[in-house]
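Asker: To start, I am sharing the structure in question, which I have written as structure tokens.
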There are 2 protein chains.
Amino acid sequence: MDTSAAPGSGVGVAVDLVILTLHEGRLSVALVQRGEEPFAGTWALPGGPVGEHEDLDQSAYRVLENEAMIGEESVHVEQLRTFGAPGRDPRGRVVSVAFMALGADLPAPRRGADVADARWWAVEELAGVELGFDHREVLDCALERARAKLEYSTLAVTFLPAEFTVSQLRGVYEAVWGSSLDAGNFHRKATRTPGFVEELDRFAAPTGGRPARLYRAGSGTTLQPPLLRSGEESA
Amino acid sequence: MDTSAAPGSGVGVAVDLVILTLHEGRLSVALVQRGEEPFAGTWALPGGPVGEHEDLDQSAYRVLENEAMIGEESVHVEQLRTFGAPGRDPRGRVVSVAFMALGADLPAPRRGADVADARWWAVEELAGVELGFDHREVLDCALERARAKLEYSTLAVTFLPAEFTVSQLRGVYEAVWGSSLDAGNFHRKATRTPGFVEELDRFAAPTGGRPARLYRAGSGTTLQPPLLRSGEESA
DNA sequence: GCAATAGTGTCTTTAAGACATTATCTT
DNA sequence: AAGATAATGTCTTAAAGACACTATTGC
């Protein structure tokens with residue numbers, strides 16, 4: 001009922017962003033190195049407080065632009081989950097709404113205020129690294145979501161430019177899932193699932209083999225039936 | 001980065017609960033009738049402010065117990081999404097973390113403070129009814145989530161008592177999806193999908209036909225392959 | 001017996017997985 | 001020609017949907 005959730009209750013509200021892209025062929029996340037305590041020197045997700053008159057999505061887009069120098073262009077943004085454990089921020093009670101942003105070949109994140117450094121991290125090489133706050137859990141939540149959504153949605157195309165080849169699309173799946181897929185079967189599935197991709201009349205520049213046809217994103221959002229992961233490990 | 005999400009920023013944090021159960025065979029949601037402005041007299045979701053030292057889940061369970069007189073027993077609770085549009089609460093800025101709770105034959109919700117009435121509403125008969133705040137959107141979000149999760153998870157069993165028949169399990173799917181399923185094919189799917197249900201040696205009391213074998217929930221959480229909805233309309 | 005509900009079997013169709021094969025480029 | 005990458009075809013298997021059939025109860 002929202003009964004007497006009175007303002008000034010001492011709880012801060014923030015957003016944190018898991019910005020994912022394919023950087024040098026690898027699934028990567030934008031992290032910033034904290035310049036101040038707490039967690040000075042450690043890497044963390046970009047984020048910031050929710051403005052007085054902002055909706056949560058607006059805050060997410062603002063952080064995307066300010067802290068990572070990324071416009072709204074063709075970035076897919078969706079809410080992930082909200083984290084609110086009492087001790088998650090040593091400075092005080094902060095409830096953080098986590099967002100996931102996916103985009104094609106995004107520019108390198110820039111350094112903002114209070115930030116020592118900012119760059120792309122390949123998710124793979126981030127395996128043992130400790131992150132600030134509860135951001136390891138947030139990142140894992142995003143990876144799980146992204147991996148699951150590739151199965152039943154057309155979301156993979158948001159990692160690619162407007163025109164792409166089937167091989168590039170397969171590369172997205174292999175990078176995000178960390179497994180290799182059969183090229184022939186993937187081609188059949190991608191081109192024959194209605195609404196996934198639309199065939200163009202042009203071809204990509206050949207790279208030592210038969211030139212690949214170009215496609216663009218189709219009008220559909222869901223994959224019916226889904227494209228399930230079950231391939232072998234290793235890309 | 002959670003930078004300076006200072007306490008006392010004027011934003012309140014609350015939880016709202018979409019409590020779903022099967023009441024008289026129909027998918028139903030617990031609503032409370034507001035006793036005070038704003039939205040006095042209209043029906044809304046039970047909810048309340050997040051306590052100073054509570055994690056978000058704890059707040060959800062507290063509301064479940066206090067406002068709906070429901071223990072933690074065998075209730076499945078999961079976070080849905082967070083709603084934070086600036087004007088969603090006329091009294092001031094309130095960001096609300098929405099939860100979904102599913103349970104078997106839950107007791108009737110009781111009247112709490114500031115509440116004129118509280119009862120189960122069949123989702124079906126709530127079609128045209130206007131709810132307080134943005135709770136119509138929250139409810140729709142929960143229904144979508146619940147309907148989707150029945151496809152690829154074993155969540156349907158949380159709507160049933162510890163021991164149940166395949167027909168009852170099918171009834172859950174039909175009530176939540178609002179469509180009818182082929183009894184034979186459903187039986188095959190339910191009993192042959194590993195981890196979904198475990199066969200018992202007892203039978204339910206006959207109801208004018210061959211007595212149905214009893215089952216209990218299996219150890220699995222996901223349905224592989226999923227049980228997709230595509231049956232005819234109407235229950 | 002008949003009606004009702006539970007459960008099994010069979011046939012068809014769809015689509016995935018594992019390949020082999022063909023096509024078209026660079027060198 | 002050889003090698004690389006793209007695309008198609010074929011065969012097998014898994015599993016859904018339609019629906020006939022058998023099983024076991026109450027009346």
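Ligands are numbered from 1 in the order shown, residues from 1 within each chain, and chains are lettered A, B, ... in the order they appear in the structure tokens.
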List the neighbours of stretch 8-16 of chain C out to 12 Å using only C-alpha atoms (C1' of nucleotides); skip same-chain residues closer than 4 positions along the sequence, and give me the result as a PyMOL selection string.

Answerer: (chain A and resi 182+184-186+188-189+192-193+224-231) or (chain B and resi 183-185+187-188+225) or (chain D and resi 12-23)

Asker: Could you produce a table of the residues of chain B lying within 9 Å of chain A, with the nearest pair of atoms per residue and their separation in Å rounded to one decimal, using only C-alpha atoms, ordered by chain and increasing residue number, as CSV?

Answerer:
residue,atom,partner,partner_atom,distance
B:Met1,CA,A:Gly47,CA,4.1
B:Asp2,CA,A:Gly48,CA,4.7
B:Thr3,CA,A:Gly48,CA,5.2
B:Ser4,CA,A:Pro49,CA,6.8
B:Ala5,CA,A:Pro49,CA,4.6
B:Ala6,CA,A:Gly12,CA,5.6
B:Pro7,CA,A:Gly10,CA,4.6
B:Gly8,CA,A:Gly8,CA,4.6
B:Ser9,CA,A:Gly12,CA,6.3
B:Gly10,CA,A:Pro7,CA,4.7
B:Val11,CA,A:Pro7,CA,5.2
B:Gly12,CA,A:Pro7,CA,4.7
B:Val13,CA,A:Ala5,CA,6.4
B:Ala14,CA,A:Asp2,CA,6.1
B:Val15,CA,A:Asp2,CA,7.1
B:Asp16,CA,A:Met1,CA,6.6
B:Leu17,CA,A:Met1,CA,8.7
B:Val32,CA,A:Met1,CA,7.8
B:Arg34,CA,A:Met1,CA,7.8
B:Ala44,CA,A:Met1,CA,6.3
B:Leu45,CA,A:Met1,CA,5.6
B:Pro46,CA,A:Met1,CA,4.7
B:Gly47,CA,A:Met1,CA,4.3
B:Gly48,CA,A:Asp2,CA,4.7
B:Pro49,CA,A:Ala5,CA,4.7
B:Val50,CA,A:Ala5,CA,7.7
B:Gly51,CA,A:Ser9,CA,9.0
B:Glu52,CA,A:Val11,CA,7.6
B:His53,CA,A:Pro86,CA,5.7
B:Glu54,CA,A:Pro86,CA,6.3
B:Asp55,CA,A:Ala85,CA,4.6
B:Leu56,CA,A:Gly84,CA,5.8
B:Asp57,CA,A:Gly84,CA,8.8
B:Gln79,CA,A:Arg81,CA,7.3
B:Leu80,CA,A:Arg81,CA,7.6
B:Arg81,CA,A:Arg81,CA,6.3
B:Thr82,CA,A:Thr82,CA,6.9
B:Phe83,CA,A:Leu56,CA,7.6
B:Gly84,CA,A:Asp55,CA,5.7
B:Ala85,CA,A:Asp55,CA,4.6
B:Pro86,CA,A:His53,CA,5.7
B:Gly87,CA,A:His53,CA,8.8
B:Asp89,CA,A:Asp2,CA,8.2
B:Arg91,CA,A:Ala6,CA,8.5
B:Gly92,CA,A:Pro7,CA,7.0
B:Arg93,CA,A:Pro7,CA,6.9
B:Val94,CA,A:Ala5,CA,6.7
B:Val95,CA,A:Val13,CA,8.1
B:Ser96,CA,A:Asp2,CA,7.7
B:Val97,CA,A:Thr82,CA,7.3
B:Asp114,CA,A:Thr3,CA,8.1
B:Gly132,CA,A:Met1,CA,8.6
B:Phe133,CA,A:Met1,CA,8.7

Asker: May I ask you to extract the residues of chain A within 7 Å of chain D, using only C-alpha atoms (C1' of nucleotides), and to give them as a ChimeraX atom specification?

Answerer: /A:208-212

Asker: Please measure the separation of atom CA of A:Val157 and atom CA of A:Ala217, giving the value in Å to one decimal.

Answerer: 6.3 Å

Asker: Assign secondary structure with DSSP using the backbone only, and return the residues of stretch 2-230 of chain A in strand (DSSP E) as a PyMOL selection string.

Answerer: chain A and resi 12-23+26-34+43-44+47-49+76-83+94-102+115-122+163-164+179-180+197-203+213-217

Asker: Report as JSON lines: every residue of chain C with an atom at most 6 Å from chain B, its closest pair of atoms, and their distance in Å to one decimal, counting only C-alpha atoms (C1' of nucleotides), with rows sorted by chain and ascending residue number.

Answerer:
{"residue": "C:DA4", "atom": "C1'", "partner": "B:Gly209", "partner_atom": "CA", "distance": 5.1}
{"residue": "C:DT5", "atom": "C1'", "partner": "B:Gly209", "partner_atom": "CA", "distance": 4.2}
{"residue": "C:DA6", "atom": "C1'", "partner": "B:Arg210", "partner_atom": "CA", "distance": 5.4}

Asker: DSSP on the backbone: which residues in stretch 44-198 of chain A end up as alpha helix (DSSP H)? Give the answer as a PyMOL selection string.

Answerer: chain A and resi 56-66+135-152+166-177+183-192

Asker: One decimal, in Å: what's the spacing between atom CA of A:Thr221 and atom CA of B:Glu174?

Answerer: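 Rounded to one decimal, the two atoms are 25.6 Å apart.
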
Asker: Please identify all polymer residues within 6 Å of A:Leu22, counting only C-alpha atoms (C1' of nucleotides), omitting same-chain residues fewer than 5 positions from it, and present them as a VMD selection string.

Answerer: chain A and resid 27 to 28 105

Asker: Can you work out the spacing between atom CA of A:Ala101 and atom CA of A:Ala146 in Å, to one decimal?

Answerer: 9.9 Å

Asker: Please provide the set of residues having any atom within 8 Å of A:Ser74, restricted to only C-alpha atoms (C1' of nucleotides), with same-chain residues fewer than 6 positions apart removed, written as a PyMOL selection string.

Answerer: chain A and resi 103-104+158

Asker: Using only C-alpha atoms, which of the listed residues (B:Asp117, B:Glu124, B:Glu37, B:Glu78) sits closest to B:Phe99?

Answerer: B:Glu78
